[in-house]
file input_33.cif (mmCIF, C-alpha atoms)
data_protein
loop_
_atom_site.group_PDB
_atom_site.id
_atom_site.type_symbol
_atom_site.label_atom_id
_atom_site.label_comp_id
_atom_site.auth_asym_id
_atom_site.auth_seq_id
_atom_site.Cartn_x
_atom_site.Cartn_y
_atom_site.Cartn_z
ATOM 1 C CA VAL A 1077 -50.690 -52.794 50.826
ATOM 2 C CA SER A 1078 -51.251 -49.845 53.161
ATOM 3 C CA THR A 1079 -54.821 -49.154 54.258
ATOM 4 C CA GLN A 1080 -53.968 -45.660 55.477
ATOM 5 C CA SER A 1081 -54.467 -44.125 52.027
ATOM 6 C CA THR A 1082 -57.170 -46.398 50.622
ATOM 7 C CA GLY A 1083 -59.506 -46.146 53.604
ATOM 8 C CA PRO A 1084 -60.191 -42.408 53.345
ATOM 9 C CA LYS A 1085 -60.575 -42.694 49.566
ATOM 10 C CA ILE A 1086 -63.217 -45.398 49.944
ATOM 11 C CA MET A 1087 -65.085 -43.344 52.520
ATOM 12 C CA MET A 1088 -64.946 -40.307 50.254
ATOM 13 C CA ARG A 1089 -66.410 -42.289 47.336
ATOM 14 C CA VAL A 1090 -69.225 -43.539 49.564
ATOM 15 C CA LEU A 1091 -69.941 -40.013 50.776
ATOM 16 C CA LEU A 1092 -70.006 -38.629 47.241
ATOM 17 C CA ARG A 1093 -72.394 -41.365 46.121
ATOM 18 C CA TYR A 1094 -74.635 -40.635 49.091
ATOM 19 C CA LEU A 1095 -74.721 -36.919 48.249
ATOM 20 C CA CYS A 1096 -75.514 -37.701 44.610
ATOM 21 C CA VAL A 1097 -78.454 -39.882 45.674
ATOM 22 C CA LEU A 1098 -79.746 -37.096 47.909
ATOM 23 C CA ALA A 1099 -79.482 -34.608 45.047
ATOM 24 C CA ILE A 1100 -81.314 -36.934 42.660
ATOM 25 C CA LEU A 1101 -84.092 -37.511 45.181
ATOM 26 C CA GLY A 1102 -84.298 -33.813 45.944
ATOM 27 C CA LEU A 1103 -83.441 -34.393 49.606
ATOM 28 C CA GLY A 1104 -80.306 -32.340 49.688
ATOM 29 C CA THR A 1105 -79.984 -28.576 49.706
ATOM 30 C CA VAL A 1106 -78.085 -26.499 47.190
ATOM 31 C CA SER A 1107 -75.838 -23.821 48.590
ATOM 32 C CA PRO A 1108 -76.273 -20.222 47.399
ATOM 33 C CA LYS A 1109 -72.770 -20.412 45.895
ATOM 34 C CA LEU A 1110 -73.628 -23.483 43.782
ATOM 35 C CA GLU A 1111 -76.953 -21.909 42.842
ATOM 36 C CA ALA A 1112 -75.202 -18.727 41.724
ATOM 37 C CA ASP A 1113 -72.656 -20.667 39.698
ATOM 38 C CA ARG A 1114 -75.475 -21.860 37.439
ATOM 39 C CA CYS A 1115 -75.850 -18.321 36.119
ATOM 40 C CA ILE A 1116 -73.585 -16.044 34.120
ATOM 41 C CA ASN A 1117 -72.890 -12.335 34.244
ATOM 42 C CA SER A 1118 -70.748 -11.903 31.148
ATOM 43 C CA ARG A 1119 -71.861 -9.073 28.903
ATOM 44 C CA MET A 1120 -74.150 -10.091 26.046
ATOM 45 C CA ASN A 1121 -72.997 -9.668 22.452
ATOM 46 C CA GLY A 1122 -75.722 -9.623 19.832
ATOM 47 C CA CYS A 1123 -73.409 -9.513 16.819
ATOM 48 C CA PRO A 1124 -70.293 -11.620 17.498
ATOM 49 C CA ASP A 1125 -69.647 -11.922 13.740
ATOM 50 C CA GLY A 1126 -69.924 -8.191 13.108
ATOM 51 C CA PHE A 1127 -72.446 -6.188 11.115
ATOM 52 C CA GLY A 1128 -73.828 -6.663 7.617
ATOM 53 C CA PRO A 1129 -75.414 -4.253 5.162
ATOM 54 C CA VAL A 1130 -78.622 -2.312 5.706
ATOM 55 C CA ASP A 1131 -81.680 -4.467 4.966
ATOM 56 C CA ASN A 1132 -85.053 -2.812 4.416
ATOM 57 C CA SER A 1133 -86.814 -5.851 2.928
ATOM 58 C CA TRP A 1134 -88.570 -6.776 6.180
ATOM 59 C CA ALA A 1135 -92.351 -6.386 6.379
ATOM 60 C CA PHE A 1136 -93.472 -5.883 9.997
ATOM 61 C CA PHE A 1137 -92.330 -5.894 13.630
ATOM 62 C CA VAL A 1138 -92.671 -8.556 16.286
ATOM 63 C CA PHE A 1139 -93.161 -6.993 19.731
ATOM 64 C CA ALA A 1140 -92.218 -9.607 22.350
ATOM 65 C CA GLN A 1141 -93.064 -9.441 26.046
ATOM 66 C CA THR A 1142 -91.585 -11.867 28.581
ATOM 67 C CA TRP A 1143 -93.348 -13.350 31.609
ATOM 68 C CA GLY A 1144 -90.968 -13.355 34.587
ATOM 69 C CA GLY A 1145 -92.914 -16.056 36.433
ATOM 70 C CA SER A 1146 -91.390 -18.622 34.099
ATOM 71 C CA PHE A 1147 -88.300 -16.792 32.853
ATOM 72 C CA CYS A 1148 -86.895 -16.222 36.344
ATOM 73 C CA GLN A 1149 -87.486 -19.696 37.727
ATOM 74 C CA ASP A 1150 -83.832 -20.624 37.300
ATOM 75 C CA GLY A 1151 -82.958 -18.113 40.023
ATOM 76 C CA CYS A 1152 -80.708 -16.093 37.715
ATOM 77 C CA CYS A 1153 -82.762 -12.895 37.562
ATOM 78 C CA THR A 1154 -81.143 -9.958 39.315
ATOM 79 C CA VAL A 1155 -84.420 -8.046 39.665
ATOM 80 C CA LYS A 1156 -87.990 -9.163 40.206
ATOM 81 C CA PRO A 1157 -90.151 -8.071 37.265
ATOM 82 C CA ILE A 1158 -93.614 -6.600 37.700
ATOM 83 C CA GLY A 1159 -95.970 -7.915 35.042
ATOM 84 C CA PHE A 1160 -94.929 -8.630 31.471
ATOM 85 C CA THR A 1161 -91.683 -6.915 30.477
ATOM 86 C CA ILE A 1162 -90.265 -6.074 27.077
ATOM 87 C CA HIS A 1163 -88.036 -8.598 25.372
ATOM 88 C CA GLY A 1164 -87.678 -6.647 22.167
ATOM 89 C CA LEU A 1165 -89.078 -5.097 19.002
ATOM 90 C CA TRP A 1166 -87.825 -7.069 16.014
ATOM 91 C CA PRO A 1167 -88.133 -6.379 12.277
ATOM 92 C CA ASN A 1168 -89.520 -9.501 10.597
ATOM 93 C CA TYR A 1169 -89.661 -10.719 7.020
ATOM 94 C CA ALA A 1170 -92.893 -11.694 5.291
ATOM 95 C CA GLY A 1171 -93.042 -15.449 4.809
ATOM 96 C CA SER A 1172 -91.457 -18.238 6.800
ATOM 97 C CA GLY A 1173 -87.999 -19.751 6.768
ATOM 98 C CA ARG A 1174 -84.459 -18.421 7.021
ATOM 99 C CA ARG A 1175 -82.638 -16.167 4.625
ATOM 100 C CA GLN A 1176 -79.448 -14.156 4.539
ATOM 101 C CA ASN A 1177 -78.949 -10.432 4.354
ATOM 102 C CA PRO A 1178 -78.598 -9.329 0.692
ATOM 103 C CA VAL A 1179 -74.819 -9.126 1.000
ATOM 104 C CA GLY A 1180 -72.529 -10.509 3.672
ATOM 105 C CA SER A 1181 -72.623 -13.481 5.976
ATOM 106 C CA ASN A 1182 -74.923 -12.469 8.816
ATOM 107 C CA ILE A 1183 -77.607 -15.142 9.156
ATOM 108 C CA VAL A 1184 -81.051 -14.061 10.296
ATOM 109 C CA ASN A 1185 -82.858 -15.629 13.232
ATOM 110 C CA ASN A 1186 -84.945 -18.783 12.908
ATOM 111 C CA ASP A 1187 -88.185 -16.795 12.863
ATOM 112 C CA GLY A 1188 -87.120 -14.753 9.831
ATOM 113 C CA SER A 1189 -85.711 -11.593 11.365
ATOM 114 C CA PRO A 1190 -82.869 -9.611 9.813
ATOM 115 C CA SER A 1191 -80.057 -8.992 12.251
ATOM 116 C CA CYS A 1192 -76.926 -6.927 12.820
ATOM 117 C CA CYS A 1193 -77.362 -4.195 10.209
ATOM 118 C CA GLN A 1194 -74.660 -1.568 9.793
ATOM 119 C CA VAL A 1195 -75.392 1.867 11.312
ATOM 120 C CA ASN A 1196 -73.535 5.180 11.059
ATOM 121 C CA PHE A 1197 -73.191 5.888 14.787
ATOM 122 C CA ASN A 1198 -71.504 4.378 17.827
ATOM 123 C CA ILE A 1199 -73.984 1.934 19.326
ATOM 124 C CA LYS A 1200 -72.357 1.677 22.748
ATOM 125 C CA ALA A 1201 -72.325 5.460 23.164
ATOM 126 C CA ALA A 1202 -75.949 5.689 22.023
ATOM 127 C CA ILE A 1203 -77.054 2.962 24.455
ATOM 128 C CA SER A 1204 -75.231 4.635 27.344
ATOM 129 C CA LYS A 1205 -77.188 7.830 26.691
ATOM 130 C CA ILE A 1206 -80.465 5.916 26.370
ATOM 131 C CA GLU A 1207 -79.856 4.148 29.675
ATOM 132 C CA ARG A 1208 -79.543 7.570 31.320
ATOM 133 C CA ASP A 1209 -82.378 9.327 29.514
ATOM 134 C CA PHE A 1210 -84.905 6.475 29.779
ATOM 135 C CA LYS A 1211 -83.769 5.088 33.133
ATOM 136 C CA SER A 1212 -87.155 5.109 34.871
ATOM 137 C CA ASP A 1213 -89.159 3.658 31.972
ATOM 138 C CA LEU A 1214 -86.525 1.015 31.270
ATOM 139 C CA ALA A 1215 -86.595 -0.117 34.906
ATOM 140 C CA SER A 1216 -90.398 -0.388 34.849
ATOM 141 C CA TYR A 1217 -91.112 -1.814 31.410
ATOM 142 C CA TRP A 1218 -87.824 -3.133 29.983
ATOM 143 C CA PRO A 1219 -85.619 -4.219 32.905
ATOM 144 C CA VAL A 1220 -82.387 -6.155 32.512
ATOM 145 C CA LEU A 1221 -83.509 -9.392 34.142
ATOM 146 C CA LYS A 1222 -80.294 -11.362 33.846
ATOM 147 C CA ARG A 1223 -77.166 -10.525 31.893
ATOM 148 C CA PRO A 1224 -75.665 -7.043 31.502
ATOM 149 C CA GLY A 1225 -75.493 -5.561 28.033
ATOM 150 C CA PHE A 1226 -79.105 -6.478 27.248
ATOM 151 C CA TYR A 1227 -80.030 -3.147 25.622
ATOM 152 C CA ASP A 1228 -76.856 -3.163 23.544
ATOM 153 C CA TYR A 1229 -77.642 -6.751 22.525
ATOM 154 C CA GLU A 1230 -81.241 -6.050 21.521
ATOM 155 C CA PHE A 1231 -80.427 -2.902 19.585
ATOM 156 C CA SER A 1232 -77.353 -4.310 17.837
ATOM 157 C CA LYS A 1233 -79.121 -7.493 16.790
ATOM 158 C CA HIS A 1234 -82.603 -6.168 16.050
ATOM 159 C CA GLY A 1235 -82.918 -2.407 16.424
ATOM 160 C CA SER A 1236 -80.068 -1.733 14.025
ATOM 161 C CA CYS A 1237 -82.178 -3.175 11.203
ATOM 162 C CA ALA A 1238 -85.086 -0.879 12.148
ATOM 163 C CA MET A 1239 -83.045 2.246 11.447
ATOM 164 C CA THR A 1240 -84.543 2.314 7.965
ATOM 165 C CA LEU A 1241 -87.740 3.476 9.726
ATOM 166 C CA PHE A 1242 -86.544 5.323 12.829
ATOM 167 C CA LYS A 1243 -84.233 8.323 12.627
ATOM 168 C CA THR A 1244 -82.365 7.666 15.866
ATOM 169 C CA PRO A 1245 -81.921 4.843 18.397
ATOM 170 C CA GLU A 1246 -83.757 7.076 20.884
ATOM 171 C CA ASP A 1247 -86.778 6.955 18.564
ATOM 172 C CA TYR A 1248 -86.582 3.150 18.506
ATOM 173 C CA PHE A 1249 -86.486 2.833 22.297
ATOM 174 C CA ARG A 1250 -89.171 5.496 22.763
ATOM 175 C CA ALA A 1251 -91.469 3.676 20.342
ATOM 176 C CA THR A 1252 -90.869 0.293 21.966
ATOM 177 C CA LEU A 1253 -91.536 1.648 25.453
ATOM 178 C CA GLY A 1254 -94.628 3.413 24.123
ATOM 179 C CA LEU A 1255 -96.027 0.115 22.872
ATOM 180 C CA ARG A 1256 -95.565 -1.502 26.277
ATOM 181 C CA LYS A 1257 -97.314 1.393 28.002
ATOM 182 C CA LYS A 1258 -100.311 0.917 25.725
ATOM 183 C CA VAL A 1259 -100.384 -2.882 25.959
ATOM 184 C CA ASP A 1260 -101.041 -4.248 29.463
ATOM 185 C CA LEU A 1261 -101.252 -7.974 28.775
ATOM 186 C CA LEU A 1262 -101.641 -8.929 32.421
ATOM 187 C CA LYS A 1263 -104.722 -6.718 32.745
ATOM 188 C CA ILE A 1264 -106.153 -7.973 29.448
ATOM 189 C CA LEU A 1265 -105.789 -11.633 30.458
ATOM 190 C CA ALA A 1266 -107.168 -10.997 33.960
ATOM 191 C CA ALA A 1267 -110.331 -9.502 32.431
ATOM 192 C CA LYS A 1268 -111.037 -12.983 31.042
ATOM 193 C CA GLY A 1269 -110.184 -14.808 34.240
ATOM 194 C CA ILE A 1270 -106.697 -15.785 33.110
ATOM 195 C CA VAL A 1271 -104.435 -14.983 36.046
ATOM 196 C CA PRO A 1272 -101.091 -16.383 37.217
ATOM 197 C CA ASP A 1273 -101.759 -19.440 39.362
ATOM 198 C CA LYS A 1274 -99.433 -22.333 40.184
ATOM 199 C CA SER A 1275 -102.242 -24.922 40.286
ATOM 200 C CA THR A 1276 -104.247 -23.866 37.201
ATOM 201 C CA THR A 1277 -103.717 -24.560 33.525
ATOM 202 C CA TYR A 1278 -105.188 -22.592 30.639
ATOM 203 C CA THR A 1279 -105.978 -23.544 27.080
ATOM 204 C CA TYR A 1280 -104.140 -22.102 24.118
ATOM 205 C CA SER A 1281 -107.423 -21.036 22.504
ATOM 206 C CA SER A 1282 -108.619 -19.182 25.625
ATOM 207 C CA VAL A 1283 -105.467 -17.050 25.845
ATOM 208 C CA ILE A 1284 -105.556 -16.263 22.128
ATOM 209 C CA ALA A 1285 -109.250 -15.346 22.375
ATOM 210 C CA ALA A 1286 -108.700 -13.150 25.437
ATOM 211 C CA ILE A 1287 -106.261 -10.985 23.482
ATOM 212 C CA LYS A 1288 -108.152 -11.107 20.187
ATOM 213 C CA GLN A 1289 -111.420 -10.083 21.880
ATOM 214 C CA SER A 1290 -109.818 -7.291 23.894
ATOM 215 C CA SER A 1291 -109.311 -3.701 22.826
ATOM 216 C CA LEU A 1292 -106.173 -4.862 21.026
ATOM 217 C CA GLY A 1293 -108.257 -6.905 18.602
ATOM 218 C CA VAL A 1294 -105.352 -8.877 17.130
ATOM 219 C CA LYS A 1295 -104.092 -12.445 17.136
ATOM 220 C CA PRO A 1296 -100.809 -12.913 19.035
ATOM 221 C CA VAL A 1297 -98.171 -15.642 19.064
ATOM 222 C CA LEU A 1298 -97.523 -17.523 22.312
ATOM 223 C CA SER A 1299 -94.258 -18.998 23.493
ATOM 224 C CA CYS A 1300 -93.897 -21.636 26.226
ATOM 225 C CA THR A 1301 -91.032 -23.307 28.063
ATOM 226 C CA ASP A 1302 -90.114 -26.966 27.601
ATOM 227 C CA ASP A 1303 -92.170 -27.809 30.690
ATOM 228 C CA ASN A 1304 -95.261 -26.080 29.278
ATOM 229 C CA GLN A 1305 -95.264 -22.741 31.069
ATOM 230 C CA LEU A 1306 -96.248 -19.517 29.338
ATOM 231 C CA SER A 1307 -93.010 -17.602 28.835
ATOM 232 C CA GLU A 1308 -93.728 -14.949 26.221
ATOM 233 C CA ILE A 1309 -96.507 -13.252 24.260
ATOM 234 C CA ARG A 1310 -95.643 -11.704 20.926
ATOM 235 C CA LEU A 1311 -97.697 -9.144 19.040
ATOM 236 C CA CYS A 1312 -97.201 -8.068 15.444
ATOM 237 C CA VAL A 1313 -96.850 -4.401 14.548
ATOM 238 C CA SER A 1314 -97.059 -2.526 11.248
ATOM 239 C CA LYS A 1315 -93.936 -1.251 9.498
ATOM 240 C CA ASP A 1316 -94.702 2.450 9.796
ATOM 241 C CA LEU A 1317 -94.476 5.112 12.464
ATOM 242 C CA SER A 1318 -98.084 4.528 13.539
ATOM 243 C CA LEU A 1319 -96.911 1.152 14.900
ATOM 244 C CA SER A 1320 -100.421 -0.245 14.593
ATOM 245 C CA LEU A 1321 -101.072 -3.711 15.991
ATOM 246 C CA ILE A 1322 -101.901 -6.308 13.340
ATOM 247 C CA ASP A 1323 -102.744 -10.005 13.324
ATOM 248 C CA CYS A 1324 -99.643 -12.155 13.427
ATOM 249 C CA PRO A 1325 -99.393 -14.293 10.281
ATOM 250 C CA PRO A 1326 -99.874 -18.068 10.609
ATOM 251 C CA TYR A 1327 -96.257 -18.866 9.735
ATOM 252 C CA LEU A 1328 -95.206 -17.376 13.077
ATOM 253 C CA SER A 1329 -96.030 -20.529 14.989
ATOM 254 C CA SER A 1330 -96.649 -20.894 18.704
ATOM 255 C CA SER A 1331 -94.496 -23.119 20.888
ATOM 256 C CA CYS A 1332 -97.293 -23.711 23.403
ATOM 257 C CA PRO A 1333 -99.321 -26.926 23.704
ATOM 258 C CA ASN A 1334 -103.108 -27.014 23.957
ATOM 259 C CA GLN A 1335 -102.860 -26.548 27.732
ATOM 260 C CA PHE A 1336 -100.160 -24.819 29.733
ATOM 261 C CA SER A 1337 -99.541 -23.129 33.063
ATOM 262 C CA PHE A 1338 -99.165 -19.442 33.891
ATOM 263 C CA PRO A 1339 -96.924 -19.414 36.998
ATOM 264 C CA PRO A 1340 -97.074 -16.514 39.446
ATOM 265 C CA LEU A 1341 -94.059 -14.258 39.773
ATOM 266 C CA GLY A 1342 -91.669 -15.940 42.165
ATOM 267 C CA SER A 1343 -93.875 -19.036 42.537
ATOM 268 C CA SER A 1344 -91.145 -21.640 42.068
ATOM 269 C CA GLN A 1345 -88.068 -19.450 41.862
ATOM 270 C CA THR A 1346 -84.991 -19.861 43.907
ATOM 271 C CA GLN A 1347 -84.008 -16.692 45.735
ATOM 272 C CA ILE A 1348 -83.500 -13.730 43.425
ATOM 273 C CA ASN A 1349 -79.790 -13.058 43.118
ATOM 274 C CA THR A 1350 -78.683 -9.620 44.230
ATOM 275 C CA LYS A 1351 -74.946 -10.014 43.648
ATOM 276 C CA ALA A 1352 -73.472 -10.290 40.150
ATOM 277 C CA THR A 1353 -71.039 -13.094 40.988
ATOM 278 C CA PHE A 1354 -72.181 -15.683 38.486
ATOM 279 C CA SER A 1355 -69.849 -17.554 36.225
ATOM 280 C CA LYS A 1356 -71.309 -20.604 34.490
ATOM 281 C CA PRO A 1357 -73.701 -20.682 31.496
ATOM 282 C CA ARG A 1358 -77.431 -20.653 31.976
ATOM 283 C CA ILE A 1359 -80.444 -19.457 29.955
ATOM 284 C CA ASN A 1360 -79.772 -16.156 28.151
ATOM 285 C CA ARG A 1361 -82.100 -13.166 28.146
#
call {"tool": "encode", "arguments": {"input": "input_33.cif", "output": "structure tokens"}}
result
Amino acid sequence: VSTQSTGPKIMMRVLLRYLCVLAILGLGTVSPKLEADRCINSRMNGCPDGFGPVDNSWAFFVFAQTWGGSFCQDGCCTVKPIGFTIHGLWPNYAGSGRRQNPVGSNIVNNDGSPSCCQVNFNIKAAISKIERDFKSDLASYWPVLKRPGFYDYEFSKHGSCAMTLFKTPEDYFRATLGLRKKVDLLKILAAKGIVPDKSTTYTYSSVIAAIKQSSLGVKPVLSCTDDNQLSEIRLCVSKDLSLSLIDCPPYLSSSCPNQFSFPPLGSSQTQINTKATFSKPRINR
């Protein structure tokens, strides 16, 4: 048996095992290329199964704001957010559980939101105009943190079902941006001593109380990552053009434990990616 071919193979196996051990122990470094490959840049599609009928049976909105300190820790964000940024404004049914649109096959989200309602205009054309007309406000308050097509995704999936209240998609985006301008969660939390800090944990009750006792005066819903970091704060909003803040009902449950962290922006992130060269799946925005 020749050793000329088996020798290099054995050495390669040993080298690969050594590299795996280093990776497991956290002693090795990950190249920017491998880091980038963990992300994706394919355009988001909020309604892959198409659109269903108009549904006006929802009862209120959920206004969700994302915290980039936790959301961007995977290194897949293409911009660095400043403060809490808009995730979306979602029509929501009264009561818990899942249900279907009155006719058709489009299933609503787990939290009871209607999705993908038929509209009488071209969504892509409308979003293109909105991206031009609201460019500055979108960059400040509603940036695309990861995948392209985010505004199209949010409007197609959620905003389309709010067209029973708003006359145009511009009205929907204007109203959503207006809410964010009025609601500075970072400032509200800081007033109660709750600030992003990598070595501090906060209690669920203290964050809820900070918002409830502020000028907002309402009870929010908190969302945390699997490793107990604050990732999102959701406020509930009335189903009328006043868009008044209201207490979120108890069936909108929090995913945060009794204690969790509030990581600073960029505290544990890998380097923010500036080139859209990603290819493999990662967390969606």
call {"tool": "closest_residue", "arguments": {"input": "input_33.cif", "among": "A:Asp1209, A:Glu1246, A:Glu1230, A:Asp1273", "to": "Gln1305 in chain A", "atoms": "all atoms listed in the file"}}
result
A:Asp1273
call {"tool": "residues_around", "arguments": {"input": "input_33.cif", "residues": "Ser1320 in chain A", "least_positions_apart": "5", "cutoff": "10 Å", "atoms": "only C-alpha atoms", "output": "CSV table (one decimal) with C-alpha atoms, in the frame of the given file"}}
result
chain,number,residue,atom,x,y,z
A,1137,PHE,CA,-92.3,-5.9,13.6
A,1255,LEU,CA,-96.0,0.1,22.9
A,1292,LEU,CA,-106.2,-4.9,21.0
A,1312,CYS,CA,-97.2,-8.1,15.4
A,1313,VAL,CA,-96.8,-4.4,14.5
A,1314,SER,CA,-97.1,-2.5,11.2
A,1315,LYS,CA,-93.9,-1.3,9.5
call {"tool": "atom_distance", "arguments": {"input": "input_33.cif", "atom1": "CA of Asp1302 in chain A", "atom2": "CA of Asp1323 in chain A"}}
result
25.5 Å
call {"tool": "closest_residue", "arguments": {"input": "input_33.cif", "among": "A:Ala1266, A:Asn1334, A:Pro1129, A:Tyr1327", "to": "Pro1296 in chain A", "atoms": "only C-alpha atoms"}}
result
A:Tyr1327
call {"tool": "atom_distance", "arguments": {"input": "input_33.cif", "atom1": "CA of Ala1170 in chain A", "atom2": "CA of Trp1134 in chain A"}}
result
6.6 Å
call {"tool": "resolve_selection", "arguments": {"input": "input_33.cif", "expression": "the PyMOL selection byres ((chain A and resi 1233) around 9)", "output": "list in words"}}
result
Asn1121, Gly1122, Cys1123, Phe1127, Trp1166, Pro1190, Ser1191, Cys1192, Cys1193, Asp1228, Tyr1229, Glu1230, Phe1231, Ser1232, His1234, Gly1235, Ser1236 and Cys1237 of chain A
call {"tool": "residues_around", "arguments": {"input": "input_33.cif", "residues": "Thr1279 in chain A", "least_positions_apart": "6", "cutoff": "9 Å", "atoms": "all atoms listed in the file", "output": "tab-separated table (two decimals) with C-alpha atoms, keeping the file's coordinate frame"}}
result
chain	number	residue	atom	x	y	z
A	1333	PRO	CA	-99.32	-26.93	23.70
A	1334	ASN	CA	-103.11	-27.01	23.96
A	1335	GLN	CA	-102.86	-26.55	27.73
A	1336	PHE	CA	-100.16	-24.82	29.73
A	1337	SER	CA	-99.54	-23.13	33.06
call {"tool": "resolve_selection", "arguments": {"input": "input_33.cif", "expression": "the PyMOL selection byres ((chain A and resi 1308) around 8)", "output": "count of residues only"}}
result
11
call {"tool": "resolve_selection", "arguments": {"input": "input_33.cif", "expression": "the PyMOL selection byres ((chain A and resi 1156) around 12)", "output": "ChimeraX atom specification"}}
result
/A:1143-1149,1151-1155,1157-1161,1215-1222,1340-1343,1345-1350
call {"tool": "closest_residue", "arguments": {"input": "input_33.cif", "among": "A:Leu1319, A:Ala1267, A:Ser1133, A:Asn1117", "to": "Gln1289 in chain A", "atoms": "all atoms listed in the file"}}
result
A:Ala1267
call {"tool": "closest_residue", "arguments": {"input": "input_33.cif", "among": "A:Cys1332, A:Ile1264, A:Cys1324, A:Val1130", "to": "Thr1301 in chain A", "atoms": "all atoms listed in the file"}}
result
A:Cys1332
call {"tool": "atom_distance", "arguments": {"input": "input_33.cif", "atom1": "CA of Tyr1278 in chain A", "atom2": "CA of Asp1150 in chain A"}}
result
22.5 Å
call {"tool": "closest_residue", "arguments": {"input": "input_33.cif", "among": "A:Tyr1280, A:Phe1136, A:Asp1213, A:His1163", "to": "Lys1257 in chain A", "atoms": "all atoms listed in the file"}}
result
A:Asp1213
call {"tool": "closest_residue", "arguments": {"input": "input_33.cif", "among": "A:Ile1203, A:Val1138, A:Val1283, A:Ile1162", "to": "Leu1321 in chain A", "atoms": "all atoms listed in the file"}}
result
A:Val1138
call {"tool": "residues_near_point", "arguments": {"input": "input_33.cif", "point": "(-73.0, -8.4, 33.5)", "cutoff": "9 Å", "atoms": "all atoms listed in the file", "output": "VMD selection string"}}
result
chain A and resid 1116 to 1120 1222 to 1226 1352 1354
call {"tool": "residues_around", "arguments": {"input": "input_33.cif", "residues": "Pro1272 in chain A", "least_positions_apart": "2", "cutoff": "7 Å", "atoms": "only C-alpha atoms", "output": "list in words"}}
result
Ile1270, Lys1274, Phe1338, Pro1339 and Pro1340 of chain A
call {"tool": "build_atoms", "arguments": {"input": "input_33.cif", "residues": "range 1152-1164 of chain A", "atoms": "N, CA, C and O atoms", "output": "short mmCIF file (atom, residue, chain, number, x, y, z; two decimals), keeping the file's coordinate frame"}}
result
data_model
loop_
_atom_site.label_atom_id
_atom_site.label_comp_id
_atom_site.auth_asym_id
_atom_site.auth_seq_id
_atom_site.Cartn_x
_atom_site.Cartn_y
_atom_site.Cartn_z
N CYS A 1152 -81.79 -16.92 38.26
CA CYS A 1152 -80.71 -16.09 37.72
C CYS A 1152 -81.11 -14.64 37.48
O CYS A 1152 -80.29 -13.85 37.02
N CYS A 1153 -82.35 -14.29 37.74
CA CYS A 1153 -82.76 -12.90 37.56
C CYS A 1153 -82.20 -12.03 38.68
O CYS A 1153 -82.19 -12.44 39.85
N THR A 1154 -81.72 -10.87 38.33
CA THR A 1154 -81.14 -9.96 39.32
C THR A 1154 -82.16 -8.95 39.84
O THR A 1154 -81.88 -8.23 40.79
N VAL A 1155 -83.32 -8.87 39.19
CA VAL A 1155 -84.42 -8.05 39.66
C VAL A 1155 -85.70 -8.86 39.53
O VAL A 1155 -85.77 -9.80 38.74
N LYS A 1156 -86.70 -8.50 40.31
CA LYS A 1156 -87.99 -9.16 40.21
C LYS A 1156 -88.91 -8.33 39.33
O LYS A 1156 -89.24 -7.20 39.67
N PRO A 1157 -89.31 -8.86 38.17
CA PRO A 1157 -90.15 -8.07 37.26
C PRO A 1157 -91.56 -7.89 37.81
O PRO A 1157 -92.03 -8.68 38.64
N ILE A 1158 -92.22 -6.85 37.36
CA ILE A 1158 -93.61 -6.60 37.70
C ILE A 1158 -94.42 -6.69 36.41
O ILE A 1158 -94.30 -5.83 35.54
N GLY A 1159 -95.20 -7.73 36.26
CA GLY A 1159 -95.97 -7.92 35.04
C GLY A 1159 -95.12 -8.40 33.88
O GLY A 1159 -93.99 -8.86 34.05
N PHE A 1160 -95.68 -8.29 32.68
CA PHE A 1160 -94.93 -8.63 31.47
C PHE A 1160 -93.92 -7.52 31.20
O PHE A 1160 -94.22 -6.34 31.33
N THR A 1161 -92.72 -7.90 30.80
CA THR A 1161 -91.68 -6.92 30.48
C THR A 1161 -91.22 -7.10 29.04
O THR A 1161 -91.33 -8.19 28.47
N ILE A 1162 -90.68 -6.05 28.48
CA ILE A 1162 -90.26 -6.07 27.08
C ILE A 1162 -89.08 -7.01 26.87
O ILE A 1162 -88.12 -6.98 27.63
N HIS A 1163 -89.19 -7.85 25.87
CA HIS A 1163 -88.04 -8.60 25.37
C HIS A 1163 -87.41 -7.83 24.22
O HIS A 1163 -86.22 -7.57 24.22
N GLY A 1164 -88.23 -7.43 23.26
CA GLY A 1164 -87.68 -6.65 22.17
C GLY A 1164 -88.70 -6.31 21.10
O GLY A 1164 -89.84 -6.78 21.13
#
